[in-house]
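K.L.:
Next up is a structure, given as structure tokens.
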Amino acid sequence: MPVYECNEHQFVENIRRLIETSQKFLVNRRISWHDDAKYGPAILPDEEFNRYVIICIRKSLRSTVFTKVPFIDDFHRRTYDKGENVHGSGNLMFPRMSIPYYKVEYSVNVWGATYFFTFDALFDPHIVIEKRHGKRLSGLVHVLKYNPPPDRLLTLKLPTNVMVFDVKNMIRVIDNSSYF
Amino acid sequence: MQHAAYFYIRESLLIYRDMRNKQKLKSISVLIPLQEVSASISQLDFSLDGITTIVAEGKFWKRILYVNGEETISVSEEIGDAYPKDPIITICGSTHTVSKITEELQHYAGLRM
């Protein structure tokens, strides 16, 4: 059974066409959170990296990122010292400072084919100065927190007559019957 | 005769209200700067509800959500120095909203729907 990948524009327009033909269909949605070091500060575009400049520094996109000040990563319960390498340019696939994200997958099945649209929504960094008492850092310290984006920003708003089912996982079954 | 006219006007109003309330879906990909798109949306009484960063097709995008009651418009624009930029506008709203936004954007060149 073929599986086709769409971008947001294509996926929404395909759904609109299905609605207009009064075709019965079901949209599946899967939202799962990940923290697998897929995203680190070195690969962020400047506009996004600017949200980390209070605590991190880099020369340019894909350059090594160093910590500017000692800080606590509240999400991962990790402490970083000043000048620590958190994402090396020679090791872009394996950042030491991982940015958590939601993986959002939308799919629709029509005539045996699956059309899907997927994207990752990064957690919002929120840097504050807090009073902490720890072994390595104590007193007023920078604290990095990550806030998950709200649901309304993760989901595609579809008309009320479109049924959206939330699913935990999708298991693809290979249909050999089509070969005969 | 008066009754018939009243009935006709009442039915027309109900149909008009129904048309306005019925949600339509539309996605538009335009070669128009984000500022122009945002201005068009703001003219229709939509207000900014939130911004988040997403990664799709291996690119970073800024996803902006505008809300007006039950109607929503999301605008996704690629972050960075990419050129040309073509924000993706996804509208889930009344026929009136969809046509108004489309009309507004049609004043600019490069519209492809």
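Starting from 1 in every chain, residues are counted up; chains themselves are A, B, ... following the order of the structure tokens, and ligands are numbered from 1 as listed.
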Using only C-alpha atoms, what table do you get, as JSON lines, when you list each residue of chain A with an atom no more than 8 Å from chain B, its nearest pair of atoms, and their distance in Å rounded to one decimal, rows by chain then rising number?

P.N.:
{"residue": "A:Asn7", "atom": "CA", "partner": "B:Glu57", "partner_atom": "CA", "distance": 7.5}
{"residue": "A:Glu8", "atom": "CA", "partner": "B:Ile88", "partner_atom": "CA", "distance": 7.5}
{"residue": "A:His9", "atom": "CA", "partner": "B:Ser27", "partner_atom": "CA", "distance": 5.5}
{"residue": "A:Gln10", "atom": "CA", "partner": "B:Ser27", "partner_atom": "CA", "distance": 8.0}
{"residue": "A:Val12", "atom": "CA", "partner": "B:Ser27", "partner_atom": "CA", "distance": 6.0}
{"residue": "A:Glu13", "atom": "CA", "partner": "B:Ser27", "partner_atom": "CA", "distance": 5.9}
{"residue": "A:Arg16", "atom": "CA", "partner": "B:Leu25", "partner_atom": "CA", "distance": 5.8}
{"residue": "A:Leu44", "atom": "CA", "partner": "B:Phe60", "partner_atom": "CA", "distance": 7.9}
{"residue": "A:Pro45", "atom": "CA", "partner": "B:Gly80", "partner_atom": "CA", "distance": 5.9}
{"residue": "A:Asp46", "atom": "CA", "partner": "B:Gly80", "partner_atom": "CA", "distance": 7.1}
{"residue": "A:Glu47", "atom": "CA", "partner": "B:Gly80", "partner_atom": "CA", "distance": 7.0}
{"residue": "A:Glu48", "atom": "CA", "partner": "B:Thr53", "partner_atom": "CA", "distance": 7.9}
{"residue": "A:Thr118", "atom": "CA", "partner": "B:Ala56", "partner_atom": "CA", "distance": 6.8}
{"residue": "A:Phe119", "atom": "CA", "partner": "B:Ala56", "partner_atom": "CA", "distance": 4.7}
{"residue": "A:Asp120", "atom": "CA", "partner": "B:Val55", "partner_atom": "CA", "distance": 5.0}
{"residue": "A:Ala121", "atom": "CA", "partner": "B:Ile54", "partner_atom": "CA", "distance": 4.2}
{"residue": "A:Leu122", "atom": "CA", "partner": "B:Thr53", "partner_atom": "CA", "distance": 5.8}
{"residue": "A:Asp124", "atom": "CA", "partner": "B:Thr52", "partner_atom": "CA", "distance": 7.5}
{"residue": "A:Pro149", "atom": "CA", "partner": "B:Thr52", "partner_atom": "CA", "distance": 6.6}
{"residue": "A:Leu153", "atom": "CA", "partner": "B:Leu65", "partner_atom": "CA", "distance": 6.7}
{"residue": "A:Lys157", "atom": "CA", "partner": "B:Cys92", "partner_atom": "CA", "distance": 6.2}
{"residue": "A:Leu158", "atom": "CA", "partner": "B:Cys92", "partner_atom": "CA", "distance": 6.2}
{"residue": "A:Pro159", "atom": "CA", "partner": "B:Gln23", "partner_atom": "CA", "distance": 5.5}
{"residue": "A:Thr160", "atom": "CA", "partner": "B:Gln23", "partner_atom": "CA", "distance": 7.5}

K.L.:
Need the shell around Phe117 in chain A: protein/DNA/RNA residues with any atom at most 6 Å away, counting only C-alpha atoms. Skip same-chain ones fewer than 5 positions apart. Format as a list in words?

P.N.:
Cys6, Asn7, Glu105 and Tyr106 of chain A

K.L.:
Determine which residues of chain A receive a DSSP assignment of helix (DSSP H, G or I), computed from the backbone, and state them as a VMD selection string.

P.N.:
chain A and resid 8 to 20 41 to 43 46 to 52 89 to 91 151 to 154 176 to 179

K.L.:
List every residue of range 93-135 of chain A that DSSP, applied to the backbone, labels as strand (DSSP E), and write the result as a PyMOL selection string.

P.N.:
chain A and resi 101-110+113-122+124-133

K.L.:
When you look at Leu140 in chain A with a cut-off of 8 Å (counting only C-alpha atoms), what residues show up, excluding the ones that are within fewer than 2 positions of it in the same chain? I need them as a compact mmCIF listing (two decimals) with C-alpha atoms, in the first residue's frame.

P.N.:
# COMPACT_ATOMS: atom_id res chain seq x y z
CA ILE A 129 17.47 33.79 37.08
CA GLU A 130 16.54 31.88 40.21
CA LYS A 131 17.97 31.31 43.63
CA ARG A 132 19.16 27.71 43.85
CA SER A 138 24.16 27.90 44.36
CA HIS A 142 20.54 31.11 35.22
